[in-house]
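Visitor: Structure file upload30.cif, mmCIF, C-alpha atoms and all ligand atoms, is pasted below:
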```cif
data_target
#
loop_
_atom_site.label_atom_id
_atom_site.label_comp_id
_atom_site.auth_asym_id
_atom_site.auth_seq_id
_atom_site.Cartn_x
_atom_site.Cartn_y
_atom_site.Cartn_z
CA MET A 30 0.00 0.00 0.00
CA LYS A 31 1.50 3.34 -1.08
CA THR A 32 1.19 6.22 1.38
CA TYR A 33 0.81 9.77 0.08
CA LEU A 34 1.32 13.02 1.91
CA VAL A 35 -1.02 15.39 0.07
CA THR A 36 -0.72 18.99 1.23
CA GLY A 37 -3.48 21.53 0.55
CA GLY A 38 -5.93 18.67 0.03
CA ALA A 39 -8.89 20.69 1.33
CA GLY A 40 -8.49 23.34 -1.37
CA PHE A 41 -9.88 23.33 -4.89
CA ILE A 42 -7.48 21.10 -6.85
CA GLY A 43 -6.16 19.23 -3.81
CA SER A 44 -9.63 18.05 -2.75
CA ASN A 45 -10.48 17.03 -6.33
CA PHE A 46 -7.21 15.07 -6.37
CA VAL A 47 -7.95 13.31 -3.06
CA LEU A 48 -11.44 12.30 -4.27
CA TYR A 49 -10.09 11.21 -7.67
CA MET A 50 -7.35 9.05 -6.16
CA LEU A 51 -9.50 7.39 -3.50
CA LYS A 52 -12.11 6.55 -6.12
CA LYS A 53 -9.49 5.13 -8.50
CA TYR A 54 -7.34 3.18 -6.02
CA GLN A 55 -8.47 1.08 -3.07
CA ASP A 56 -4.91 0.23 -2.04
CA ILE A 57 -3.51 3.67 -1.23
CA ARG A 58 -3.53 5.77 1.92
CA ILE A 59 -3.67 9.57 1.84
CA ILE A 60 -2.59 11.76 4.72
CA ASN A 61 -4.12 15.12 3.86
CA LEU A 62 -2.34 18.03 5.54
CA ASP A 63 -4.09 21.38 5.24
CA LYS A 64 -3.93 24.57 7.26
CA LEU A 65 -7.56 25.34 6.42
CA THR A 66 -7.01 28.94 5.46
CA TYR A 67 -9.99 30.79 3.95
CA ALA A 68 -9.44 28.59 0.84
CA GLY A 69 -9.46 25.23 2.59
CA ASN A 70 -12.86 23.65 3.09
CA LEU A 71 -13.64 20.33 4.77
CA GLU A 72 -17.01 20.23 3.04
CA ASN A 73 -15.08 19.40 -0.15
CA LEU A 74 -14.09 16.14 1.52
CA GLU A 75 -17.51 14.99 2.78
CA GLU A 76 -17.47 12.06 0.34
CA VAL A 77 -14.38 10.55 2.01
CA LYS A 78 -15.23 11.45 5.59
CA HIS A 79 -15.62 7.77 6.52
CA ASN A 80 -12.96 6.39 4.18
CA LYS A 81 -10.31 4.70 6.35
CA ASN A 82 -7.69 5.38 3.65
CA HIS A 83 -8.05 9.13 4.15
CA ILE A 84 -6.62 10.82 7.24
CA PHE A 85 -7.04 14.57 7.59
CA VAL A 86 -4.50 16.59 9.56
CA ASN A 87 -5.06 20.28 10.27
CA GLY A 88 -1.62 21.90 10.10
CA ASP A 89 0.88 24.14 8.35
CA ILE A 90 3.53 23.03 5.83
CA CYS A 91 5.89 25.53 7.51
CA ASP A 92 5.69 23.57 10.80
CA LYS A 93 8.89 21.47 10.80
CA GLU A 94 8.09 19.44 13.92
CA LEU A 95 4.68 18.48 12.63
CA ILE A 96 6.05 17.39 9.23
CA GLU A 97 8.81 15.37 10.94
CA ASP A 98 6.25 13.64 13.16
CA LEU A 99 4.11 12.80 10.14
CA PHE A 100 7.08 11.35 8.21
CA GLN A 101 8.03 9.26 11.24
CA LYS A 102 4.51 7.99 11.75
CA TYR A 103 3.59 7.24 8.13
CA ASP A 104 6.86 6.68 6.21
CA PHE A 105 5.51 8.40 3.08
CA ASP A 106 6.18 7.05 -0.41
CA TYR A 107 5.04 10.23 -2.14
CA VAL A 108 4.64 13.91 -1.29
CA VAL A 109 2.27 15.89 -3.52
CA ASN A 110 2.54 19.55 -2.63
CA PHE A 111 -0.60 21.51 -3.54
CA ALA A 112 -0.55 23.72 -0.44
CA ALA A 113 -0.15 27.34 -1.46
CA GLU A 114 -1.58 30.80 -1.38
CA SER A 115 -3.02 30.71 -4.89
CA HIS A 116 -4.76 33.96 -5.78
CA VAL A 117 -2.89 36.58 -7.83
CA ASP A 118 -5.02 39.54 -6.64
CA ARG A 119 -4.35 38.69 -2.99
CA SER A 120 -0.61 38.40 -3.70
CA ILE A 121 -0.61 41.98 -4.96
CA LYS A 122 -2.15 43.13 -1.67
CA GLU A 123 -0.24 40.90 0.79
CA PRO A 124 2.87 39.31 -0.74
CA GLU A 125 4.46 38.18 2.56
CA ILE A 126 2.20 35.21 3.18
CA PHE A 127 2.87 34.06 -0.40
CA ALA A 128 6.61 34.05 0.29
CA LYS A 129 6.08 32.23 3.57
CA THR A 130 3.76 29.43 2.51
CA ASN A 131 4.82 29.00 -1.10
CA ILE A 132 8.59 29.27 -0.66
CA ILE A 133 9.46 28.53 3.00
CA GLY A 134 6.72 25.90 3.28
CA THR A 135 8.01 24.06 0.22
CA VAL A 136 11.62 24.17 1.43
CA ASN A 137 10.49 22.83 4.80
CA LEU A 138 8.76 19.88 3.12
CA LEU A 139 11.82 19.24 0.92
CA ASN A 140 14.14 19.23 3.94
CA VAL A 141 12.10 16.82 5.99
CA ALA A 142 11.56 14.51 2.98
CA LYS A 143 15.31 14.57 2.33
CA GLU A 144 16.11 13.69 5.96
CA SER A 145 13.67 10.82 5.83
CA TRP A 146 14.38 9.43 2.33
CA GLU A 147 18.14 9.86 1.91
CA THR A 148 20.37 6.89 2.70
CA GLN A 149 24.14 6.97 3.11
CA ASP A 150 24.93 6.99 -0.61
CA SER A 151 21.56 7.07 -2.36
CA TRP A 152 17.80 7.38 -1.84
CA LYS A 153 15.25 4.87 -0.56
CA GLU A 154 13.52 3.08 -3.46
CA GLY A 155 10.33 4.40 -5.02
CA LYS A 156 10.05 7.74 -3.23
CA LYS A 157 8.99 10.91 -5.03
CA PHE A 158 8.29 14.59 -4.24
CA LEU A 159 5.88 16.19 -6.70
CA GLN A 160 5.63 19.96 -6.74
CA VAL A 161 2.35 21.25 -8.19
CA SER A 162 3.29 24.40 -10.04
CA THR A 163 1.75 26.74 -12.57
CA ASP A 164 2.19 28.05 -16.12
CA GLU A 165 2.43 31.55 -14.59
CA VAL A 166 6.12 30.90 -13.86
CA TYR A 167 6.79 31.42 -17.59
CA GLY A 168 5.37 34.96 -17.60
CA SER A 169 3.20 36.20 -20.42
CA LEU A 170 2.91 35.36 -24.13
CA GLY A 171 2.23 37.61 -27.08
CA ASP A 172 -0.32 36.67 -29.72
CA THR A 173 1.59 33.59 -30.85
CA GLY A 174 3.64 30.72 -29.39
CA PHE A 175 3.23 28.43 -26.38
CA PHE A 176 5.03 27.68 -23.11
CA THR A 177 7.24 24.59 -23.28
CA GLU A 178 9.22 23.14 -20.39
CA THR A 179 12.31 25.00 -21.64
CA THR A 180 10.68 28.44 -21.88
CA PRO A 181 12.71 30.76 -19.61
CA LEU A 182 11.14 31.49 -16.25
CA ASP A 183 9.85 35.08 -16.16
CA PRO A 184 7.22 35.50 -13.43
CA HIS A 185 5.59 38.87 -12.80
CA SER A 186 3.23 38.79 -9.83
CA PRO A 187 4.24 38.09 -6.22
CA TYR A 188 2.21 34.86 -6.55
CA SER A 189 3.99 33.60 -9.66
CA SER A 190 7.36 34.75 -8.32
CA SER A 191 6.81 32.75 -5.14
CA LYS A 192 5.83 29.67 -7.17
CA THR A 193 8.93 30.13 -9.37
CA SER A 194 11.15 30.37 -6.29
CA ALA A 195 9.63 27.14 -4.97
CA ASP A 196 10.21 25.42 -8.34
CA LEU A 197 13.85 26.50 -8.30
CA MET A 198 14.31 25.09 -4.79
CA VAL A 199 12.75 21.78 -5.86
CA LYS A 200 15.06 21.72 -8.89
CA ALA A 201 18.03 22.53 -6.64
CA TYR A 202 17.26 19.48 -4.48
CA TYR A 203 17.42 17.37 -7.62
CA ASP A 204 20.53 19.03 -9.07
CA THR A 205 22.42 19.08 -5.78
CA PHE A 206 21.26 15.96 -3.94
CA LYS A 207 19.59 13.90 -6.73
CA MET A 208 16.42 13.95 -4.66
CA PRO A 209 13.61 12.16 -6.60
CA ILE A 210 11.35 14.98 -7.73
CA ASN A 211 9.00 16.10 -10.49
CA ILE A 212 7.43 19.47 -11.15
CA THR A 213 4.11 19.88 -13.00
CA ARG A 214 3.10 23.25 -14.45
CA CYS A 215 -0.56 23.50 -15.24
CA SER A 216 -2.78 26.11 -16.85
CA ASN A 217 -6.02 27.54 -15.35
CA ASN A 218 -8.23 24.86 -13.79
CA TYR A 219 -12.01 24.99 -13.51
CA GLY A 220 -14.56 22.63 -11.95
CA PRO A 221 -16.25 21.83 -8.61
CA PHE A 222 -15.08 23.25 -5.26
CA GLN A 223 -13.25 26.33 -6.57
CA PHE A 224 -13.29 29.29 -4.19
CA PRO A 225 -15.40 32.13 -5.64
CA GLU A 226 -12.56 34.65 -5.77
CA LYS A 227 -11.42 33.00 -9.05
CA LEU A 228 -13.04 34.06 -12.33
CA ILE A 229 -15.41 31.17 -13.13
CA PRO A 230 -17.01 30.52 -9.71
CA LEU A 231 -17.11 34.28 -9.00
CA LEU A 232 -18.90 34.79 -12.28
CA ILE A 233 -21.47 32.04 -11.63
CA ASN A 234 -22.10 33.24 -8.09
CA ASN A 235 -22.48 36.89 -9.11
CA CYS A 236 -24.85 35.99 -11.96
CA LEU A 237 -27.06 33.92 -9.67
CA ASN A 238 -27.20 36.86 -7.23
CA HIS A 239 -27.68 39.44 -10.01
CA LYS A 240 -24.47 41.18 -8.98
CA ASP A 241 -22.05 43.00 -11.31
CA ILE A 242 -19.36 40.93 -12.98
CA PRO A 243 -16.02 42.77 -12.78
CA VAL A 244 -14.03 42.28 -15.99
CA TYR A 245 -10.46 43.54 -15.64
CA GLY A 246 -9.08 45.88 -18.33
CA ASP A 247 -10.38 45.20 -21.85
CA GLY A 248 -11.43 41.60 -21.08
CA LEU A 249 -9.14 40.32 -23.83
CA ASN A 250 -6.53 38.62 -21.64
CA VAL A 251 -6.31 34.96 -22.56
CA ARG A 252 -6.19 31.93 -20.25
CA ASP A 253 -5.83 28.25 -21.22
CA TRP A 254 -8.61 26.37 -19.36
CA LEU A 255 -8.38 22.77 -18.14
CA TYR A 256 -11.05 20.72 -16.38
CA VAL A 257 -9.72 19.92 -12.90
CA GLU A 258 -10.15 16.14 -13.20
CA ASP A 259 -7.84 16.13 -16.24
CA HIS A 260 -5.23 17.86 -14.10
CA CYS A 261 -5.66 15.23 -11.36
CA LYS A 262 -5.17 12.48 -13.93
CA ALA A 263 -1.95 14.13 -15.13
CA ILE A 264 -0.56 14.37 -11.59
CA ASP A 265 -1.34 10.71 -10.94
CA MET A 266 0.52 9.76 -14.15
CA VAL A 267 3.54 11.92 -13.34
CA ILE A 268 3.81 10.42 -9.84
CA ARG A 269 3.77 6.90 -11.23
CA GLU A 270 5.68 7.31 -14.49
CA GLY A 271 7.33 10.72 -14.70
CA ARG A 272 11.08 10.62 -15.29
CA LEU A 273 12.95 11.80 -12.19
CA GLY A 274 14.04 15.42 -12.20
CA GLU A 275 11.70 16.36 -15.07
CA VAL A 276 9.19 19.17 -15.47
CA TYR A 277 5.86 18.41 -17.21
CA ASN A 278 3.56 21.09 -18.58
CA VAL A 279 -0.16 20.30 -18.32
CA GLY A 280 -2.74 22.03 -20.51
CA GLY A 281 -5.31 21.24 -23.15
CA HIS A 282 -4.92 23.88 -25.89
CA ASN A 283 -8.11 25.52 -24.77
CA GLU A 284 -7.48 29.25 -24.90
CA ARG A 285 -10.29 31.75 -24.34
CA THR A 286 -10.43 35.45 -23.69
CA ASN A 287 -11.90 36.36 -20.32
CA ILE A 288 -14.82 38.13 -21.94
CA ALA A 289 -15.62 35.00 -23.99
CA ILE A 290 -15.74 32.95 -20.76
CA VAL A 291 -18.01 35.56 -19.14
CA LYS A 292 -20.40 35.58 -22.11
CA THR A 293 -20.51 31.75 -22.30
CA VAL A 294 -21.57 31.47 -18.66
CA ILE A 295 -24.12 34.30 -18.93
CA ASP A 296 -25.61 32.75 -22.05
CA TYR A 297 -26.05 29.33 -20.40
CA LEU A 298 -27.62 30.78 -17.25
CA ASN A 299 -29.86 33.12 -19.25
CA LYS A 300 -31.23 30.26 -21.37
CA ASN A 301 -31.44 27.59 -18.68
CA VAL A 302 -31.91 29.29 -15.33
CA ASP A 303 -33.05 32.92 -15.29
CA SER A 304 -33.73 35.24 -18.21
CA ALA A 305 -32.82 38.22 -15.99
CA ILE A 306 -29.16 37.14 -16.17
CA THR A 307 -27.87 39.15 -19.11
CA GLU A 308 -24.74 40.86 -20.39
CA ASP A 309 -25.91 44.03 -18.62
CA LEU A 310 -24.21 42.56 -15.53
CA ILE A 311 -20.78 42.96 -17.15
CA LYS A 312 -18.78 45.88 -15.71
CA TYR A 313 -15.36 46.69 -17.12
CA VAL A 314 -13.16 47.71 -14.17
CA GLU A 315 -9.58 48.88 -13.63
CA ASP A 316 -7.05 46.33 -14.83
CA ARG A 317 -5.13 44.01 -12.47
CA LYS A 318 -1.64 45.46 -11.81
CA GLY A 319 0.96 43.73 -14.00
CA HIS A 320 -1.81 41.64 -15.62
CA ASP A 321 -0.27 38.85 -17.75
CA ARG A 322 -1.79 39.05 -21.22
CA ARG A 323 -1.84 35.47 -22.44
CA TYR A 324 -1.02 31.96 -21.19
CA GLY A 325 -0.87 28.95 -23.51
CA ILE A 326 0.61 25.55 -22.69
CA ASP A 327 2.33 23.19 -25.11
CA PRO A 328 1.53 19.76 -23.59
CA THR A 329 3.53 17.71 -26.15
CA LYS A 330 5.96 16.28 -23.58
CA ILE A 331 3.38 14.80 -21.20
CA LYS A 332 1.34 13.53 -24.16
CA GLU A 333 4.27 11.82 -25.85
CA GLU A 334 6.05 10.49 -22.76
CA LEU A 335 3.11 9.51 -20.56
CA GLY A 336 0.15 9.31 -22.96
CA TRP A 337 -1.80 11.99 -21.06
CA TYR A 338 -4.55 13.90 -22.85
CA PRO A 339 -7.44 16.04 -21.58
CA GLU A 340 -10.69 14.05 -21.73
CA THR A 341 -13.12 16.89 -21.07
CA VAL A 342 -13.76 19.37 -23.88
CA PHE A 343 -14.50 22.89 -22.67
CA GLU A 344 -18.12 22.97 -23.90
CA GLU A 345 -18.92 19.91 -21.74
CA GLY A 346 -16.70 20.89 -18.82
CA ILE A 347 -18.17 24.35 -18.41
CA VAL A 348 -21.76 23.02 -18.41
CA LYS A 349 -20.79 20.31 -15.89
CA THR A 350 -19.19 23.01 -13.75
CA ILE A 351 -22.15 25.41 -13.89
CA LYS A 352 -24.52 22.54 -13.04
CA TRP A 353 -22.35 21.56 -10.07
CA TYR A 354 -22.59 25.09 -8.63
CA LEU A 355 -26.35 25.11 -9.26
CA ASP A 356 -26.71 21.76 -7.46
CA ASN A 357 -24.47 22.84 -4.57
CA LYS A 358 -25.80 26.26 -3.66
CA GLU A 359 -25.38 25.46 0.04
CA TRP A 360 -21.65 24.90 -0.47
CA MET A 361 -21.40 28.38 -1.97
CA GLU A 362 -23.61 29.93 0.72
CA HIS A 363 -21.48 28.41 3.48
CA ILE A 364 -18.16 29.72 2.23
CA THR A 365 -19.48 33.13 1.34
CA SER A 366 -21.11 33.51 4.78
CA GLY A 367 -19.91 32.93 8.34
CA ASP A 368 -21.42 29.42 8.28
CA TYR A 369 -18.17 27.72 7.45
CA GLN A 370 -16.56 29.16 10.59
CA ASN A 371 -19.35 27.55 12.64
CA TYR A 372 -19.02 24.25 10.81
CA TYR A 373 -15.28 24.25 11.47
CA LYS A 374 -15.65 25.28 15.10
CA ASN A 375 -18.11 22.46 15.75
CA MET A 376 -15.70 20.01 14.22
CA TYR A 377 -12.43 21.26 15.81
CA GLY A 378 -13.58 23.25 18.82
CA HIS A 379 -11.75 26.41 17.78
CA GLU A 380 -11.87 29.00 15.02
CA ILE A 381 -10.16 28.61 11.68
CA SER A 382 -6.81 30.44 11.22
P1 LIG B 1 -6.58 26.80 -3.27
O1 LIG B 1 -6.27 28.17 -2.80
O2 LIG B 1 -7.98 26.46 -3.63
O3 LIG B 1 -6.13 25.75 -2.14
C1 LIG B 1 -4.94 25.87 -1.44
C2 LIG B 1 -5.03 24.96 -0.21
O4 LIG B 1 -3.80 25.04 0.50
C3 LIG B 1 -6.14 25.36 0.78
O5 LIG B 1 -6.85 24.23 1.20
C4 LIG B 1 -5.38 26.00 1.94
O6 LIG B 1 -6.03 25.82 3.18
C5 LIG B 1 -4.07 25.20 1.89
N1 LIG B 1 -2.94 25.93 2.49
C6 LIG B 1 -2.61 27.24 2.30
N2 LIG B 1 -1.52 27.53 3.05
C7 LIG B 1 -1.16 26.39 3.70
C8 LIG B 1 -0.11 26.06 4.59
N3 LIG B 1 0.78 26.99 4.98
N4 LIG B 1 -0.03 24.80 5.06
C9 LIG B 1 -0.94 23.87 4.69
N5 LIG B 1 -1.97 24.13 3.86
C10 LIG B 1 -2.07 25.38 3.36
O7 LIG B 1 -5.59 26.51 -4.46
P2 LIG B 1 -5.78 25.62 -5.78
O8 LIG B 1 -6.37 26.45 -6.83
O9 LIG B 1 -6.42 24.35 -5.38
O10 LIG B 1 -4.25 25.38 -6.16
C11 LIG B 1 -3.55 24.25 -5.64
C12 LIG B 1 -2.12 24.27 -6.16
O11 LIG B 1 -2.14 24.21 -7.58
C13 LIG B 1 -1.36 25.55 -5.81
O12 LIG B 1 -0.03 25.19 -5.53
C14 LIG B 1 -1.42 26.39 -7.09
O13 LIG B 1 -0.29 27.21 -7.19
C15 LIG B 1 -1.42 25.31 -8.15
N6 LIG B 1 -2.11 25.64 -9.42
C16 LIG B 1 -3.38 26.11 -9.42
C17 LIG B 1 -4.04 26.34 -10.63
C18 LIG B 1 -5.47 26.83 -10.69
O14 LIG B 1 -5.96 27.12 -11.78
N7 LIG B 1 -6.20 26.92 -9.58
C19 LIG B 1 -3.36 26.12 -11.83
C20 LIG B 1 -2.04 25.66 -11.78
C21 LIG B 1 -1.43 25.41 -10.57
O1 LIG B 2 -2.60 29.86 -14.88
C1 LIG B 2 -2.68 29.15 -13.67
C2 LIG B 2 -3.15 30.07 -12.57
O2 LIG B 2 -4.53 30.31 -12.80
C3 LIG B 2 -2.93 29.49 -11.18
O3 LIG B 2 -1.55 29.34 -10.95
C4 LIG B 2 -3.55 30.40 -10.10
O4 LIG B 2 -3.44 29.80 -8.83
C5 LIG B 2 -5.02 30.60 -10.44
O5 LIG B 2 -5.61 31.48 -9.51
C6 LIG B 2 -5.18 31.13 -11.86
O6 LIG B 2 -4.66 32.48 -11.95
P1 LIG B 2 -5.42 33.62 -12.80
O7 LIG B 2 -5.01 34.93 -12.28
O8 LIG B 2 -5.30 33.36 -14.24
O9 LIG B 2 -6.95 33.28 -12.37
P2 LIG B 2 -8.18 34.23 -11.97
O10 LIG B 2 -9.38 33.33 -11.91
O11 LIG B 2 -7.88 35.07 -10.79
O12 LIG B 2 -8.32 35.16 -13.24
C7 LIG B 2 -8.52 34.64 -14.53
C8 LIG B 2 -8.54 35.82 -15.50
O13 LIG B 2 -9.74 36.57 -15.28
C9 LIG B 2 -7.40 36.79 -15.30
O14 LIG B 2 -6.99 37.30 -16.58
C10 LIG B 2 -8.00 37.93 -14.47
C11 LIG B 2 -9.44 37.93 -14.92
N1 LIG B 2 -10.44 38.32 -13.89
C12 LIG B 2 -10.40 37.66 -12.69
C13 LIG B 2 -11.31 37.96 -11.71
C14 LIG B 2 -11.28 37.25 -10.37
C15 LIG B 2 -11.40 39.28 -14.17
O15 LIG B 2 -11.42 39.85 -15.27
N2 LIG B 2 -12.31 39.58 -13.19
C16 LIG B 2 -12.31 38.97 -11.97
O16 LIG B 2 -13.16 39.29 -11.11
#
```
Mind turning this structure into structure tokens?
Ligand code: NAD
Ligand code: DAU
Guide:
Amino acid sequence: MKTYLVTGGAGFIGSNFVLYMLKKYQDIRIINLDKLTYAGNLENLEEVKHNKNHIFVNGDICDKELIEDLFQKYDFDYVVNFAAESHVDRSIKEPEIFAKTNIIGTVNLLNVAKESWETQDSWKEGKKFLQVSTDEVYGSLGDTGFFTETTPLDPHSPYSSSKTSADLMVKAYYDTFKMPINITRCSNNYGPFQFPEKLIPLLINNCLNHKDIPVYGDGLNVRDWLYVEDHCKAIDMVIREGRLGEVYNVGGHNERTNIAIVKTVIDYLNKNVDSAITEDLIKYVEDRKGHDRRYGIDPTKIKEELGWYPETVFEEGIVKTIKWYLDNKEWMEHITSGDYQNYYKNMYGHEIS
């Protein structure tokens, strides 16, 4: 039985990954370490609440003693590091916590894994540290071209700079110590359980509440959208088959302007839910500072080496996503109100950090 340390497994992608893995494999054990910041939500994990192969631990990846105790107790085969401060707008307002969690937290995990996995002249068999990174480390594209794994790193925001720093530390542990690592760099994810500060869930939530939809700048910035389950599948493949020390880009050649995404969601909700949801809700607002213009991933390497491909086309994925938010209005109400604090307090006896 392989034992995984999944960090940030109560957040958007992390919780999707935990559910995906426990559905796919009966013979794995996941220790899910999450600080439960505003973005972590135990309701995402309801489905595995009684699964004996899932153990939730409320804690911080920067806490060395805690990570050491966990390594001693569970002798992990794999570390999958999702834990991060993930929102670009927040990083512009408060960069320090991004440096702390995303850089120091990652180095702390690397150090403890190294202490536990390194033998006198080599490494214990079958171990791997997978760093979940982002296409934002490559900076911004013009109208043409794509990010490959050899595109120079050129981050702009405090968020992407902190993720780049973490990637470089992970690479340094491979280059210096030959630590068994992989790095995945994925484009924008969408799907269930995404916190409504990010474009798609914010947009759905605002539409349903007839609130303005803030579109930054001219609305023509381009993102490359990937259904979250396809990302989870890629991570699973890289853990099992990725060549040690390698970076794998993950994306599905699905580029859209922000305004096109906004209009697609409005159109669906207008036709299927409420005719009062119209493009009148769109409000162009001041642009994000340092706003990257275009992201676009070239996924050739992961396709050719590991046979990964995205199964969900955008037209299906976006409808599935909208329907999930329509069917889970309570989930949205809880995290946008004080209810989640109460839920957490009942469960843990104290308030969330
Ligand atoms: P998220 O903000 O939804 O979740 C982050 C999780 O990490 C939360 O559960 C939070 O409680 C936890 N966390 C934060 N600080 C922590 C700490 N110090 N110790 C332990 N847990 C902590 O983020 P997400 O969108 O699910 O992103 C997950 C990872 O994937 C991040 O590393 C992000 O950089 C990367 N990524 C995200 C996307 C995307 O489109 N969302 C795309 C590419 C890469
Ligand atoms: O590319 C991967 C990255 O995608 C991840 O590394 C990040 O963790 C994740 O948050 C996401 O970053 P973005 O900044 O691209 O995502 P966000 O949803 O914040 O914004 C998507 C685009 O929509 C971006 O061009 C800004 C724009 N936007 C966003 C919001 C929240 C708006 O126009 N209005 C909004 O209200």
Visitor: Step by step: start from the point (12.4, 17.2, -10.4) in the file's coordinates, keep every protein, DNA or RNA residue that has an atom no farther than 6 Å from it, count only C-alpha atoms, and write the set as a PDB file with C-alpha atoms, keeping the file's coordinate frame.
Guide:
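Contents of out01.pdb, as written:
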```
ATOM      1  CA  LYS A 200      15.060  21.720  -8.890  1.00  0.00           C
ATOM      2  CA  TYR A 203      17.420  17.370  -7.620  1.00  0.00           C
ATOM      3  CA  ILE A 210      11.350  14.980  -7.730  1.00  0.00           C
ATOM      4  CA  ASN A 211       9.000  16.100 -10.490  1.00  0.00           C
ATOM      5  CA  ILE A 212       7.430  19.470 -11.150  1.00  0.00           C
ATOM      6  CA  LEU A 273      12.950  11.800 -12.190  1.00  0.00           C
ATOM      7  CA  GLY A 274      14.040  15.420 -12.200  1.00  0.00           C
ATOM      8  CA  GLU A 275      11.700  16.360 -15.070  1.00  0.00           C
TER       9      GLU A 275
END
```
Visitor: Can you tell me which residues sit at most 9 Å away from ligand LIG 2 (chain B), counting all atoms listed in the file, written as a PyMOL selection string?
Guide: chain A and resi 113-118+162-166+188-189+192+214-219+225-232+242-254+286-288+290-291+313-314+316-317+320-325
Visitor: CA of Asn110 in chain A to CA of Asp196 in chain A: how many Å, to one decimal?
Guide: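 Distance between the two atoms: 11.2 Å.
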Visitor: Can you work out the spacing between CA of Lys352 in chain A and CA of Pro221 in chain A in Å, to one decimal?
Guide: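 Interatomic distance here is 9.4 Å.
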Visitor: Kindly give the distance, in Å, that separates atom N4 of ligand LIG 1 (chain B) and CA of Ile268 in chain A, rounded to a single decimal.
Guide: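 Computing the Euclidean distance for atom N4 of ligand LIG 1 (chain B) and CA of Ile268 in chain A yields 21.1 Å.
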Visitor: Taking all atoms listed in the file into account, report as a PyMOL selection string which residues have an atom no farther than 6 Å from an atom of ligand LIG 1 (chain B).
Guide: chain A and resi 36-43+63-66+68-69+88-91+111-115+130+161-163+215-218
Visitor: Go through A:Asn357, A:Thr173, A:Asn87, A:Thr307 one by one, measure the shortest atom-to-atom distance of each to Ile295 in chain A using only C-alpha atoms, and give the residue with the smallest value.
Guide: A:Thr307
Visitor: Counting only C-alpha atoms, what is within 10 Å of Tyr103 in chain A, bar same-chain residues fewer than 4 positions away, as a ChimeraX atom specification?
Guide: /A:32-34,58-60,98-99
Visitor: Can you work out which one of A:Asn283, A:Ser169, A:Thr177, A:Ser191 has the shortest atom-to-atom distance to Phe127 in chain A, counting only C-alpha atoms?
Guide: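 Nearest to Phe127 in chain A: A:Ser191.
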Visitor: May I have the residues within 10 Å of range 261-266 of chain A as number ranges by chain, using all atoms listed in the file and disregarding those fewer than 2 positions away in the same chain?
Guide: A: 42-50, 109, 159-161, 211-213, 215, 256-259, 268-271, 277-280, 331-332, 335-340
Visitor: With all atoms listed in the file counted, which protein, DNA or RNA residues have an atom no more than 10 Å from (13.7, 30.3, -10.6) in the file frame? Please answer as a list in words.
Guide: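 Residues with an atom close enough to that point: Val166, Tyr167, Pro181, Leu182, Asp183, Pro184, Ser190, Ser191, Lys192, Thr193, Ser194, Ala195, Asp196, Leu197, Met198, Val199, Lys200 and Ala201 of chain A.
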Visitor: Selection from above, C-alpha atoms, as an mmCIF file, keeping the file's coordinate frame, can you write it?
Guide:
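File produced: part_6.cif:
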```
data_model
loop_
_atom_site.group_PDB
_atom_site.id
_atom_site.type_symbol
_atom_site.label_atom_id
_atom_site.label_comp_id
_atom_site.auth_asym_id
_atom_site.auth_seq_id
_atom_site.Cartn_x
_atom_site.Cartn_y
_atom_site.Cartn_z
ATOM 1 C CA VAL A 166 6.120 30.900 -13.860
ATOM 2 C CA TYR A 167 6.790 31.420 -17.590
ATOM 3 C CA PRO A 181 12.710 30.760 -19.610
ATOM 4 C CA LEU A 182 11.140 31.490 -16.250
ATOM 5 C CA ASP A 183 9.850 35.080 -16.160
ATOM 6 C CA PRO A 184 7.220 35.500 -13.430
ATOM 7 C CA SER A 190 7.360 34.750 -8.320
ATOM 8 C CA SER A 191 6.810 32.750 -5.140
ATOM 9 C CA LYS A 192 5.830 29.670 -7.170
ATOM 10 C CA THR A 193 8.930 30.130 -9.370
ATOM 11 C CA SER A 194 11.150 30.370 -6.290
ATOM 12 C CA ALA A 195 9.630 27.140 -4.970
ATOM 13 C CA ASP A 196 10.210 25.420 -8.340
ATOM 14 C CA LEU A 197 13.850 26.500 -8.300
ATOM 15 C CA MET A 198 14.310 25.090 -4.790
ATOM 16 C CA VAL A 199 12.750 21.780 -5.860
ATOM 17 C CA LYS A 200 15.060 21.720 -8.890
ATOM 18 C CA ALA A 201 18.030 22.530 -6.640
#
```
Visitor: Taking into account only C-alpha atoms, which residue in the set A:Glu147, A:Asp172, A:Glu284, A:Asp106 is nearest to Phe343 in chain A?
Guide: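 Among the listed residues, the smallest separation from Phe343 in chain A belongs to A:Glu284.
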Visitor: Could you check the closest approach to Ile233 in chain A for each of A:Glu94, A:Asp296, A:Glu344, A:Glu178 and tell me which residue wins, using all atoms listed in the file?
Guide: A:Asp296
Visitor: If you count all atoms listed in the file, which residues fall within 10 Å of range 297-306 of chain A, apart from same-chain ones fewer than 3 positions away, as a tab-separated table (two decimals) with C-alpha atoms, keeping the file's coordinate frame?
Guide:
```
chain	number	residue	atom	x	y	z
A	233	ILE	CA	-21.47	32.04	-11.63
A	235	ASN	CA	-22.48	36.89	-9.11
A	236	CYS	CA	-24.85	35.99	-11.96
A	237	LEU	CA	-27.06	33.92	-9.67
A	238	ASN	CA	-27.20	36.86	-7.23
A	239	HIS	CA	-27.68	39.44	-10.01
A	240	LYS	CA	-24.47	41.18	-8.98
A	292	LYS	CA	-20.40	35.58	-22.11
A	293	THR	CA	-20.51	31.75	-22.30
A	294	VAL	CA	-21.57	31.47	-18.66
A	309	ASP	CA	-25.91	44.03	-18.62
A	310	LEU	CA	-24.21	42.56	-15.53
A	347	ILE	CA	-18.17	24.35	-18.41
A	348	VAL	CA	-21.76	23.02	-18.41
A	351	ILE	CA	-22.15	25.41	-13.89
A	352	LYS	CA	-24.52	22.54	-13.04
A	355	LEU	CA	-26.35	25.11	-9.26
```
